[in-house]
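Everything on this sheet refers to the single structure shown next.
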Amino acid sequence: MFDIKEALKNLPNSPGVYIMKDENGEIIYVGKAVSLKNRVRQYFQSKNHPPKVKVMVSQVKEFEYVLTDNELEALILECNLIKKHKPKYNILLKDDKHYPYIKVTLKEEYPRVLIVRKIEKDGAKYFGPFTDTSAVREIIMIIKKLFKIRNCNKNVSFGVKIGRPCLNYHIGLCLAPCKGDVKREEYMDMINRIVNFLEGKNDDIIKELEQKMIKASENLEFERAAEFRDKINAIKKIQQKQKIISYDLEDEDVIAFVKDDSSVCIQMFYIRSGKLLGSKNFYFEDVDNVDELLNQFIVQYYAEEYIPKNIVLQEDISKINIIELYLSRQKGSKVKIKVPKKGDKLELVEMAKKNARAILNQIKEKIIKERQKTIEALKELKEILGLSKVPERIEAYDISNISGVDMVGSMVVFENGKEAKKEYRRFRIKYVKGQNDYAAMKEVLKRRFNRYLKDDKFCRLPDLIMIDGGLAHVNAAKEVLQEFGFNIAVVGMIKDERHKTRAIIYNDENVFIYKDSNAFKLIYKIQEEVHRFALEYHRKLRSKSVVKSELDEIEGIGPKRKKELLKHFKNIENIKKATIDELLEVNGINKGVAEKIYEYFHKLKKS
């Protein structure tokens, strides 16, 4: 048994990272400290914690620590552990969507221009991030029309011919360095002009296009003149989107926030070469300490995103010096965090703060509306099913298989109409042989309720059980409930031919619900979620190649041959029925192996 009091006595007075775990050994919080001894003791000896911290401390049954040489190493390790384990009580960036960048591969002999979503230390030049993906595609399209650069991923070098030029060369969209005779100086001149174009230095390009347009018009080549005119208009359109807001011409991010009760909205502005290219916002709930939020946010965000030369903040943060050092090391050059008191930078911060306030109000209004819809949905469901109370906890189950080989069960939980993802569970079917959905459903429910009787993790029974299936699935669930003596309503969710929710089964009858009703939308959401969760499990099993089947019992059948058999025959039942000649059609199956497979399954049938 882990003794927290004893462990606290042995804590070193050194920098490091502490890892807190619950009774199941799950990591629930990761933190860093200059002095592990002082920081960790505060959690268990102080009584003045905010409510969220009190709840977390009550769940800590074990903790570990990792010593580091200094605070910077502790900061880096903390960031990596948070990204890896995603502890429930740490501040997490839930929006993992990376906005696109335009990448110019300057390290290649004949560079390319690409759209990417991640910056790497590869010597390339990056522009962005762009929050408008369509604008990025528009820019790339203009570059392709203006400059005859390559789009292929061939490893091209001067003097080396690689096959025949592609269609782009023949229609005048590429110089085709793959021919081996394109001078690099000529090609790099185009690349330098592209870089200038992406940096907003478009005047020379526009003048050149205007001259070509006039010349084409004088030669009565009106269609060609119109093409030049359209290119000029497209460039000017992009110029209008890139508002000049700073004449420092340096890359910088502006970070501001607003706090309302325990909710915080962070607003970021991306400024590149003095132009505002885009913005992004982040929303956090249950925030007790804004300073801690900002420190963790900056470290987590820039762990994977482009780090500009300057970061402009609304106010000072406690770890500003150590974070500057961390970001400078990440970037490979000096990074400065600034807190302006006056001038243009302060106006930028105020503009970001104003946006954050507007977004926070929108988010809160949306949350209120969604909460009201959820309440109405649960009330409607109660009336439709004739329940004695609103179903606060709903558990949904789905049985599925992987290529007909292995069966799995999935359980998702909705509490007060919202996903309770920490309550989700997966079940590998252990005792059912062959494909029998109904027996598998019984096994899952029996294991779920047995665990309820044995431990605290399932200390609460559901108010409603929803099964992804028809009447037979519902009856299977009812048999288990009767066996355990539980009186819980069971609903079957029926799909149409497109595998979308059509109706429900309750009390042995099909119940059709108005599709625009809140109740139907909630049922649809639950069915989609339990199906998604099952598919996610399938992918995980496939990636680990842990699917077991009767094929594993046959000598000579390894993972590769098993995969080929399932790919060819689709499921285990078809393999059982196959003749030796049909088995020989499978890639990698020779006559000896085919005979062993045939004999194995036919012996099983005789017995």
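Ligands are numbered from 1 in the order shown, residues from 1 within each chain, and chains are lettered A, B, ... in the order they appear in the structure tokens.
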Show me, as a list in words, the residues that have an atom within 8 Å of region 468-481 of chain A when counting only C-alpha atoms, minus same-chain residues fewer than 6 positions from it.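 Contacts, in chain order: Ala396, Tyr397, Asp398, Ile399, Asp437, Tyr438, Ala439, Met441, Lys442, Leu445, Lys446, Asn487, Ile488, Val490, Val491, Gly492, Met493, Ile494, Lys495, Ile505, Asp508, Gln527 and Val530 of chain A.
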Fewer than 4 positions away in the same chain doesn't count, so skip those; otherwise give me all residues within 7 Å of region 299-312 of chain A, counting only C-alpha atoms, as a list in words. Cys79, Lys118, Ile119, Asp251, Glu252, Asp253, Val254, Ile255, Asn295, Lys331, Lys334, Val335, Lys336, Ile337, Lys338 and Val339 of chain A
How would the residues just picked look written out with N, CA and C atoms as a CSV table (one decimal), in the first residue's frame?
chain,number,residue,atom,x,y,z
A,79,CYS,N,6.1,19.4,-20.4
A,79,CYS,CA,5.4,19.5,-21.6
A,79,CYS,C,5.2,18.2,-22.4
A,118,LYS,N,2.8,21.4,-40.5
A,118,LYS,CA,3.7,21.3,-39.4
A,118,LYS,C,5.0,21.9,-39.8
A,119,ILE,N,5.7,22.6,-38.9
A,119,ILE,CA,7.0,23.2,-39.2
A,119,ILE,C,8.1,22.3,-38.7
A,251,ASP,N,8.2,39.0,-37.5
A,251,ASP,CA,7.2,38.0,-37.2
A,251,ASP,C,6.9,38.1,-35.7
A,252,GLU,N,5.6,38.2,-35.3
A,252,GLU,CA,5.3,38.2,-33.9
A,252,GLU,C,3.8,37.6,-33.8
A,253,ASP,N,3.6,37.1,-32.6
A,253,ASP,CA,2.2,36.6,-32.2
A,253,ASP,C,1.8,37.5,-31.0
A,254,VAL,N,0.5,37.9,-31.1
A,254,VAL,CA,-0.1,38.7,-30.0
A,254,VAL,C,-1.1,37.7,-29.3
A,255,ILE,N,-0.9,37.7,-27.9
A,255,ILE,CA,-1.7,36.8,-27.1
A,255,ILE,C,-2.5,37.6,-26.1
A,295,ASN,N,1.1,30.2,-18.7
A,295,ASN,CA,2.4,29.5,-18.7
A,295,ASN,C,2.3,28.2,-19.5
A,331,LYS,N,13.6,27.4,-31.0
A,331,LYS,CA,13.7,28.1,-32.3
A,331,LYS,C,15.1,28.1,-32.9
A,334,LYS,N,17.2,33.9,-30.7
A,334,LYS,CA,16.6,34.7,-29.6
A,334,LYS,C,15.1,34.9,-29.8
A,335,VAL,N,14.3,34.6,-28.8
A,335,VAL,CA,12.8,34.9,-28.8
A,335,VAL,C,12.6,35.8,-27.6
A,336,LYS,N,11.8,36.9,-27.9
A,336,LYS,CA,11.5,37.9,-26.9
A,336,LYS,C,10.1,37.9,-26.5
A,337,ILE,N,9.7,37.8,-25.3
A,337,ILE,CA,8.3,38.0,-24.8
A,337,ILE,C,8.2,39.4,-24.3
A,338,LYS,N,7.2,40.1,-24.9
A,338,LYS,CA,7.0,41.6,-24.5
A,338,LYS,C,5.6,41.8,-23.9
A,339,VAL,N,5.6,42.7,-23.0
A,339,VAL,CA,4.3,43.2,-22.4
A,339,VAL,C,4.2,44.7,-22.6
Please indicate the distance in Å from CA of Lys201 (chain A) to CA of Ser273 (chain A), rounded to one decimal place.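 Spanning CA of Lys201 (chain A) to CA of Ser273 (chain A) is a straight-line distance of 10.2 Å.
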Just the residues within 9 Å of region 135-149 of chain A, please, counting only C-alpha atoms, with nothing from its chain fewer than 4 positions along; format it as a count of residues only. 30
Can you list, as a list in words, all residues belonging to region 236-303 of chain A that DSSP tags as helix (DSSP H, G or I)? Lys236, Lys237, Ile238, Gln239, Gln240, Lys241, Val290, Asp291, Glu292, Leu293, Leu294, Asn295, Gln296, Phe297, Ile298, Val299, Gln300 and Tyr301 of chain A
Could you give me, as a PyMOL selection string, the residues within 8 Å of Ala377 (chain A), counting only C-alpha atoms and dropping anything in the same chain fewer than 2 positions from it? chain A and resi 373-375+379-381+417+517-522
Generate a file of the selected residues that holds all heavy atoms, formatted as a short mmCIF file (atom, residue, chain, number, x, y, z; two decimals), in the first residue's frame.
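Written file, selection.cif:
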data_model
loop_
_atom_site.label_atom_id
_atom_site.label_comp_id
_atom_site.auth_asym_id
_atom_site.auth_seq_id
_atom_site.Cartn_x
_atom_site.Cartn_y
_atom_site.Cartn_z
N LYS A 373 -31.15 22.71 -25.05
CA LYS A 373 -31.60 21.66 -25.98
C LYS A 373 -31.44 20.28 -25.36
O LYS A 373 -32.29 19.41 -25.54
CB LYS A 373 -30.79 21.75 -27.29
CG LYS A 373 -31.18 22.90 -28.19
CD LYS A 373 -30.35 22.87 -29.46
CE LYS A 373 -30.73 24.03 -30.38
NZ LYS A 373 -29.90 24.04 -31.62
N THR A 374 -30.34 20.09 -24.64
CA THR A 374 -30.08 18.80 -23.99
C THR A 374 -31.13 18.51 -22.92
O THR A 374 -31.64 17.39 -22.82
CB THR A 374 -28.68 18.78 -23.37
OG1 THR A 374 -27.72 19.02 -24.40
CG2 THR A 374 -28.39 17.45 -22.72
N ILE A 375 -31.45 19.53 -22.13
CA ILE A 375 -32.48 19.37 -21.09
C ILE A 375 -33.82 18.99 -21.72
O ILE A 375 -34.52 18.08 -21.26
CB ILE A 375 -32.62 20.67 -20.26
CG1 ILE A 375 -31.35 20.89 -19.42
CG2 ILE A 375 -33.85 20.61 -19.36
CD1 ILE A 375 -31.28 22.25 -18.77
N LYS A 379 -36.02 15.49 -21.36
CA LYS A 379 -37.43 15.54 -20.96
C LYS A 379 -38.32 14.84 -21.98
O LYS A 379 -39.25 14.10 -21.62
CB LYS A 379 -37.87 17.00 -20.78
CG LYS A 379 -37.33 17.68 -19.54
CD LYS A 379 -37.83 19.11 -19.44
CE LYS A 379 -37.31 19.81 -18.18
NZ LYS A 379 -37.74 21.22 -18.11
N GLU A 380 -38.04 15.09 -23.27
CA GLU A 380 -38.81 14.45 -24.35
C GLU A 380 -38.65 12.93 -24.28
O GLU A 380 -39.62 12.19 -24.45
CB GLU A 380 -38.34 14.97 -25.71
CG GLU A 380 -38.77 16.40 -26.02
CD GLU A 380 -38.17 16.90 -27.32
OE1 GLU A 380 -37.71 16.07 -28.13
OE2 GLU A 380 -38.17 18.12 -27.54
N LEU A 381 -37.42 12.49 -24.05
CA LEU A 381 -37.13 11.06 -23.97
C LEU A 381 -37.89 10.42 -22.80
O LEU A 381 -38.43 9.31 -22.91
CB LEU A 381 -35.63 10.85 -23.82
CG LEU A 381 -35.03 9.51 -24.27
CD1 LEU A 381 -35.43 9.18 -25.69
CD2 LEU A 381 -33.52 9.54 -24.13
N GLY A 417 -26.96 14.25 -20.77
CA GLY A 417 -26.96 14.51 -22.21
C GLY A 417 -25.61 14.79 -22.83
O GLY A 417 -25.52 15.04 -24.03
N SER A 517 -36.82 16.70 -33.73
CA SER A 517 -36.97 16.87 -32.28
C SER A 517 -35.62 16.75 -31.58
O SER A 517 -34.69 16.11 -32.08
CB SER A 517 -37.93 15.83 -31.72
OG SER A 517 -37.36 14.53 -31.80
N ASN A 518 -35.52 17.36 -30.41
CA ASN A 518 -34.28 17.28 -29.64
C ASN A 518 -33.99 15.85 -29.20
O ASN A 518 -32.83 15.42 -29.13
CB ASN A 518 -34.37 18.20 -28.42
CG ASN A 518 -34.39 19.67 -28.81
OD1 ASN A 518 -33.64 20.09 -29.69
ND2 ASN A 518 -35.23 20.46 -28.17
N ALA A 519 -35.04 15.09 -28.90
CA ALA A 519 -34.87 13.70 -28.47
C ALA A 519 -34.23 12.86 -29.57
O ALA A 519 -33.30 12.08 -29.31
CB ALA A 519 -36.21 13.11 -28.06
N PHE A 520 -34.71 13.02 -30.80
CA PHE A 520 -34.16 12.25 -31.92
C PHE A 520 -32.69 12.62 -32.14
O PHE A 520 -31.84 11.75 -32.37
CB PHE A 520 -34.94 12.50 -33.20
CG PHE A 520 -34.47 11.68 -34.37
CD1 PHE A 520 -34.96 10.41 -34.59
CD2 PHE A 520 -33.49 12.17 -35.23
CE1 PHE A 520 -34.50 9.63 -35.65
CE2 PHE A 520 -33.02 11.41 -36.29
CZ PHE A 520 -33.54 10.13 -36.51
N LYS A 521 -32.38 13.91 -32.07
CA LYS A 521 -31.00 14.36 -32.28
C LYS A 521 -30.07 13.77 -31.23
O LYS A 521 -28.92 13.42 -31.52
CB LYS A 521 -30.94 15.88 -32.27
CG LYS A 521 -31.61 16.52 -33.50
CD LYS A 521 -31.66 18.02 -33.39
CE LYS A 521 -32.37 18.63 -34.61
NZ LYS A 521 -32.52 20.10 -34.49
N LEU A 522 -30.56 13.66 -29.99
CA LEU A 522 -29.74 13.07 -28.93
C LEU A 522 -29.52 11.58 -29.18
O LEU A 522 -28.40 11.07 -29.05
CB LEU A 522 -30.40 13.28 -27.57
CG LEU A 522 -29.68 12.66 -26.37
CD1 LEU A 522 -28.27 13.23 -26.24
CD2 LEU A 522 -30.46 12.87 -25.08
#
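Taking only C-alpha atoms, the non-local environment of Lys21 (chain A) within 8 Å (same-chain residues fewer than 5 positions away omitted) comprises Glu26, Ile27, Ile28, Tyr29, Gln59, Val60, Lys61, Glu62 and Phe63 of chain A.
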Save out the residues we just selected, N, CA, C and O atoms, as a compact mmCIF listing (two decimals), in the first residue's frame.
# COMPACT_ATOMS: atom_id res chain seq x y z
N GLU A 26 -3.84 5.54 -13.11
CA GLU A 26 -3.94 6.46 -14.24
C GLU A 26 -3.37 7.82 -13.85
O GLU A 26 -3.65 8.35 -12.77
N ILE A 27 -2.55 8.40 -14.72
CA ILE A 27 -1.95 9.71 -14.47
C ILE A 27 -3.03 10.78 -14.59
O ILE A 27 -3.68 10.91 -15.64
N ILE A 28 -3.23 11.54 -13.51
CA ILE A 28 -4.28 12.57 -13.52
C ILE A 28 -3.71 13.99 -13.49
O ILE A 28 -4.43 14.95 -13.78
N TYR A 29 -2.42 14.12 -13.18
CA TYR A 29 -1.82 15.47 -13.20
C TYR A 29 -0.30 15.35 -13.30
O TYR A 29 0.32 14.46 -12.69
N GLN A 59 -8.23 12.47 -5.09
CA GLN A 59 -8.13 11.29 -5.94
C GLN A 59 -6.71 10.75 -6.05
O GLN A 59 -6.48 9.69 -6.62
N VAL A 60 -5.73 11.50 -5.54
CA VAL A 60 -4.33 11.07 -5.64
C VAL A 60 -4.06 9.95 -4.65
O VAL A 60 -4.21 10.11 -3.45
N LYS A 61 -3.68 8.80 -5.17
CA LYS A 61 -3.35 7.64 -4.33
C LYS A 61 -1.88 7.25 -4.46
O LYS A 61 -1.39 6.38 -3.74
N GLU A 62 -1.20 7.92 -5.40
CA GLU A 62 0.20 7.59 -5.63
C GLU A 62 0.83 8.73 -6.42
O GLU A 62 0.15 9.39 -7.20
N PHE A 63 2.10 9.00 -6.21
CA PHE A 63 2.80 9.95 -7.06
C PHE A 63 4.25 9.53 -7.26
O PHE A 63 4.84 8.84 -6.43
Can you tell me which residues surround region 392-395 of chain A at a distance of at most 10 Å, considering only C-alpha atoms, apart from same-chain residues fewer than 4 positions away, and format the answer as a PyMOL selection string? chain A and resi 375+378+411-420+423-424+460-467+490+526+530
Give the strand (DSSP E) residues of region 49-135 of chain A, as assigned by DSSP on the backbone, as number ranges by chain. A: 62-67, 101-104, 113-116, 125-127
Residue contacts of Gly556 (chain A) (12 Å, only C-alpha atoms) excluding same-chain residues fewer than 5 positions away, as a ChimeraX atom specification: /A:551,561-562,588-597,600
Keeping only N, CA and C atoms, write the selected residues to a file as a tab-separated table (two decimals), in the first residue's frame.
chain	number	residue	atom	x	y	z
A	551	LEU	N	-7.41	-19.27	-36.93
A	551	LEU	CA	-6.27	-19.40	-37.84
A	551	LEU	C	-4.95	-19.46	-37.07
A	561	ARG	N	0.20	-14.30	-43.52
A	561	ARG	CA	-0.72	-15.22	-44.21
A	561	ARG	C	-2.15	-15.05	-43.69
A	562	LYS	N	-2.30	-14.80	-42.40
A	562	LYS	CA	-3.63	-14.58	-41.84
A	562	LYS	C	-4.27	-13.34	-42.46
A	588	GLY	N	0.68	-16.06	-51.14
A	588	GLY	CA	1.51	-16.57	-50.06
A	588	GLY	C	1.09	-17.92	-49.51
A	589	ILE	N	0.02	-18.50	-50.04
A	589	ILE	CA	-0.45	-19.82	-49.56
A	589	ILE	C	-0.01	-20.89	-50.55
A	590	ASN	N	0.89	-21.80	-50.09
A	590	ASN	CA	1.31	-22.91	-50.95
A	590	ASN	C	0.44	-24.14	-50.68
A	591	LYS	N	0.72	-25.23	-51.42
A	591	LYS	CA	-0.14	-26.41	-51.33
A	591	LYS	C	-0.12	-27.03	-49.94
A	592	GLY	N	1.07	-27.08	-49.32
A	592	GLY	CA	1.17	-27.68	-47.99
A	592	GLY	C	0.35	-26.93	-46.96
A	593	VAL	N	0.41	-25.61	-46.99
A	593	VAL	CA	-0.34	-24.78	-46.03
A	593	VAL	C	-1.83	-24.88	-46.32
A	594	ALA	N	-2.19	-24.87	-47.61
A	594	ALA	CA	-3.61	-24.98	-47.98
A	594	ALA	C	-4.22	-26.28	-47.45
A	595	GLU	N	-3.46	-27.37	-47.56
A	595	GLU	CA	-3.95	-28.66	-47.07
A	595	GLU	C	-4.13	-28.65	-45.55
A	596	LYS	N	-3.20	-28.01	-44.84
A	596	LYS	CA	-3.30	-27.92	-43.38
A	596	LYS	C	-4.54	-27.13	-42.96
A	597	ILE	N	-4.81	-26.01	-43.67
A	597	ILE	CA	-6.00	-25.20	-43.36
A	597	ILE	C	-7.26	-26.02	-43.61
A	600	TYR	N	-7.66	-28.82	-41.02
A	600	TYR	CA	-7.98	-28.30	-39.68
A	600	TYR	C	-9.49	-28.02	-39.55
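Take CA of Val258 (chain A) and CA of Lys366 (chain A): the distance between them is 17.2 Å.
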Pick from A:Lys83, A:Lys54, A:Arg184, A:Lys577 nearest to Glu109 (chain A), counting only C-alpha atoms: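 For Glu109 (chain A), the nearest of the candidates is A:Arg184.
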For Leu92 (chain A), which residue out of A:Ile206, A:Ile367, A:Leu220, A:Ile298 is the nearest one, using only C-alpha atoms? A:Ile298
Option closest in space to Ile91 (chain A), from A:Asp291, A:Tyr506, A:Ser318, A:Gly343 [counting only C-alpha atoms]: A:Asp291
One-decimal distance in Å that lies between CA of Asp552 (chain A) and CA of Gln435 (chain A): 17.2 Å
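Shortest separation to Asn587 (chain A) among A:Leu565, A:Ile575, A:Val290, A:Met351 occurs at residue A:Leu565, atoms counted being only C-alpha atoms.
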Just checking: using only C-alpha atoms, which residue out of A:Leu81, A:Ile572, A:Val287, A:Ala352 ends up closest to Lys433 (chain A)?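 Closest candidate: A:Ile572.
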